[in-house]
Protein chains: 2
Amino acid sequence: MPYKEREINKMYYTMGEVTEMFGVNASQIRFYEKEFDVLKPKKNKKGNRLFTPEDIENLKIIFHLVDEKGFTLKGAKEHLKSNKDEVKENQKIIESLERIKDFLLKLNGEI
Amino acid sequence: MPYKEREINKMYYTMGEVTEMFGVNASQIRFYEKEFDVLKPKKNKKGNRLFTPEDIENLKIIFHLVDEKGFTLKGAKEHLKSNKDEVKENQKIIESLERIKDFLLKLNGEI
DNA sequence: TACAATTATGCCATACAAAGAAAGAGAAAT
DNA sequence: ATTTCTCTTTCTTTGTATGGCATAATTGTA
């Protein structure tokens, strides 16, 4: 594995970076960590949390569900479990349609 | 208007029937009535509530959103008002596919 | 008597916020 | 180089406002 890729994989976010990113109090992040099993930040020797990019993605989804959609934490948990695949499926469909669109545009140019 | 249809339109549900139907306390129904503008039961001379079939339908939706989907009351309200949910998303996808269909039909005619 | 209304108050879980301790990092003093 | 002092960050624990109804008291009427 090349050097840069290893660096990316080792990318961690501190608690300060996360609270800055979402504009919330650290206590809320810790509370969410207790509530949502998908959030599993590593910890260093001191005990400080090291958030992975996956943690960040999950936090984005959680904040979207809770703040914008109006789910309870419990509702957001179940939505995460049952709908993560659905969201990814829709993403794939959209990407597929984009490719078809590009193909058709190219075809249209050739006629 | 024929007799039977008038009867159907005049169909009302009492508070007792509603609490029985949803298995909840009357105070919860009255509380939801205060919270959700869509719930507007008539009242007879005595003051007793007369729930319309439309009220019942809305209550079904509300209970579904709150109890099963895990929305907060606020979230359920907004979900009811703005159809910004899956329905509208799917609508956009369908419209997009319709346009693609028209494009393909046109293309097929030209070749 | 039995069901329903209103108004006021009570209550418990949810969803965080605040407080205080502990642990580096860096600068200053020894 | 090492100790001491502050400064900052994060930790854990404890506190609390709000949400979401339930209960109580009183009144009405069929």
# chains A, B, ... in the order shown; residues from 1 in each chain; ligands from 1
>>> interface_residues(of="chain D", to="chain B", cutoff="10 Å", atoms="only C-alpha atoms (C1' of nucleotides)", output="VMD selection string")
chain D and resid 19 to 23 28 to 30
>>> residues_around(residues="DG26 (chain C)", least_positions_apart="5", cutoff="12 Å", atoms="only C-alpha atoms (C1' of nucleotides)", output="MDAnalysis selection string")
chainID D and resid 5:8
>>> write_last_selection(atoms="N, CA and C atoms (P, O5', C5', C4', C3', O3' and C1' of nucleotides)", output="PDB file, in the first residue's frame")
ATOM      1  P    DC D   5       4.437  26.258  41.319  1.00  0.00           P
ATOM      2  O5'  DC D   5       3.797  27.082  40.123  1.00  0.00           O
ATOM      3  C5'  DC D   5       4.606  28.038  39.432  1.00  0.00           C
ATOM      4  C4'  DC D   5       3.910  28.435  38.138  1.00  0.00           C
ATOM      5  C3'  DC D   5       2.384  28.435  38.224  1.00  0.00           C
ATOM      6  O3'  DC D   5       1.863  29.705  37.866  1.00  0.00           O
ATOM      7  C1'  DC D   5       3.121  27.240  36.313  1.00  0.00           C
ATOM      8  P    DT D   6       0.358  30.051  38.266  1.00  0.00           P
ATOM      9  O5'  DT D   6      -0.351  29.808  36.866  1.00  0.00           O
ATOM     10  C5'  DT D   6      -0.243  30.804  35.867  1.00  0.00           C
ATOM     11  C4'  DT D   6      -0.234  30.179  34.494  1.00  0.00           C
ATOM     12  C3'  DT D   6      -1.617  30.123  33.841  1.00  0.00           C
ATOM     13  O3'  DT D   6      -1.642  31.022  32.754  1.00  0.00           O
ATOM     14  C1'  DT D   6      -0.334  28.180  33.387  1.00  0.00           C
ATOM     15  P    DC D   7      -3.044  31.553  32.207  1.00  0.00           P
ATOM     16  O5'  DC D   7      -3.284  30.577  30.956  1.00  0.00           O
ATOM     17  C5'  DC D   7      -2.191  30.270  30.095  1.00  0.00           C
ATOM     18  C4'  DC D   7      -2.647  29.263  29.051  1.00  0.00           C
ATOM     19  C3'  DC D   7      -4.144  29.268  28.791  1.00  0.00           C
ATOM     20  O3'  DC D   7      -4.386  29.273  27.382  1.00  0.00           O
ATOM     21  C1'  DC D   7      -3.422  27.076  29.351  1.00  0.00           C
ATOM     22  P    DT D   8      -5.858  29.408  26.842  1.00  0.00           P
ATOM     23  O5'  DT D   8      -6.107  27.928  26.299  1.00  0.00           O
ATOM     24  C5'  DT D   8      -5.086  27.283  25.549  1.00  0.00           C
ATOM     25  C4'  DT D   8      -5.396  25.805  25.406  1.00  0.00           C
ATOM     26  C3'  DT D   8      -6.847  25.499  25.046  1.00  0.00           C
ATOM     27  O3'  DT D   8      -6.879  24.814  23.807  1.00  0.00           O
ATOM     28  C1'  DT D   8      -6.071  24.089  26.800  1.00  0.00           C
TER      29       DT D   8
END
>>> interface_residues(of="chain C", to="chain A", cutoff="8 Å", atoms="only C-alpha atoms (C1' of nucleotides)", output="list in words")
DC16, DA17 and DA23 of chain C
>>> write_last_selection(atoms="N, CA and C atoms (P, O5', C5', C4', C3', O3' and C1' of nucleotides)", output="PDB file, in the first residue's frame")
ATOM      1  P    DC C  16     -30.381  16.318  21.583  1.00  0.00           P
ATOM      2  O5'  DC C  16     -29.052  16.011  22.395  1.00  0.00           O
ATOM      3  C5'  DC C  16     -28.189  17.059  22.745  1.00  0.00           C
ATOM      4  C4'  DC C  16     -28.626  17.753  24.033  1.00  0.00           C
ATOM      5  C3'  DC C  16     -27.552  18.624  24.644  1.00  0.00           C
ATOM      6  O3'  DC C  16     -27.852  19.998  24.382  1.00  0.00           O
ATOM      7  C1'  DC C  16     -28.753  17.361  26.291  1.00  0.00           C
ATOM      8  P    DA C  17     -26.644  21.030  24.425  1.00  0.00           P
ATOM      9  O5'  DA C  17     -26.494  21.391  25.973  1.00  0.00           O
ATOM     10  C5'  DA C  17     -27.567  22.023  26.646  1.00  0.00           C
ATOM     11  C4'  DA C  17     -27.124  22.472  28.027  1.00  0.00           C
ATOM     12  C3'  DA C  17     -25.785  23.208  28.097  1.00  0.00           C
ATOM     13  O3'  DA C  17     -25.900  24.262  29.044  1.00  0.00           O
ATOM     14  C1'  DA C  17     -25.672  21.230  29.404  1.00  0.00           C
ATOM     15  P    DA C  23      -4.365  12.031  35.426  1.00  0.00           P
ATOM     16  O5'  DA C  23      -4.040  11.732  33.890  1.00  0.00           O
ATOM     17  C5'  DA C  23      -5.033  11.978  32.897  1.00  0.00           C
ATOM     18  C4'  DA C  23      -4.460  12.841  31.782  1.00  0.00           C
ATOM     19  C3'  DA C  23      -2.929  12.903  31.749  1.00  0.00           C
ATOM     20  O3'  DA C  23      -2.513  12.757  30.398  1.00  0.00           O
ATOM     21  C1'  DA C  23      -3.810  15.068  31.719  1.00  0.00           C
TER      22       DA C  23
END
>>> closest_atom_pairs(of="chain A", to="chain B", cutoff="7 Å", atoms="only C-alpha atoms", output="tab-separated table")
residue	atom	partner	partner_atom	distance
A:Lys69	CA	B:Gly75	CA	6.2
A:Gly70	CA	B:Gly75	CA	3.9
A:Phe71	CA	B:Phe71	CA	4.2
A:Thr72	CA	B:Phe71	CA	5.6
A:Lys74	CA	B:Gly70	CA	6.5
A:Gly75	CA	B:Gly70	CA	3.8
>>> write_last_selection(atoms="C-alpha atoms", output="PDB file, in the first residue's frame")
ATOM      1  CA  LYS A  69     -36.187  15.309   9.660  1.00  0.00           C
ATOM      2  CA  GLY A  70     -37.449  15.451  13.241  1.00  0.00           C
ATOM      3  CA  PHE A  71     -36.745  11.920  14.389  1.00  0.00           C
ATOM      4  CA  THR A  72     -36.308  10.952  18.012  1.00  0.00           C
ATOM      5  CA  LYS A  74     -34.727   5.987  18.963  1.00  0.00           C
ATOM      6  CA  GLY A  75     -36.362   6.602  15.587  1.00  0.00           C
TER       7      GLY A  75
END
>>> residues_around(residues="Asn48 (chain B)", least_positions_apart="6", cutoff="10 Å", atoms="only C-alpha atoms (C1' of nucleotides)", output="list of chain:residue names")
B:Thr14, B:Met15, B:Pro41, B:Lys42, C:DA4, C:DA5
>>> closest_residue(among="C:DA2, C:DA28, C:DA8, C:DA15", to="DA17 (chain D)", atoms="only C-alpha atoms (C1' of nucleotides)")
C:DA15
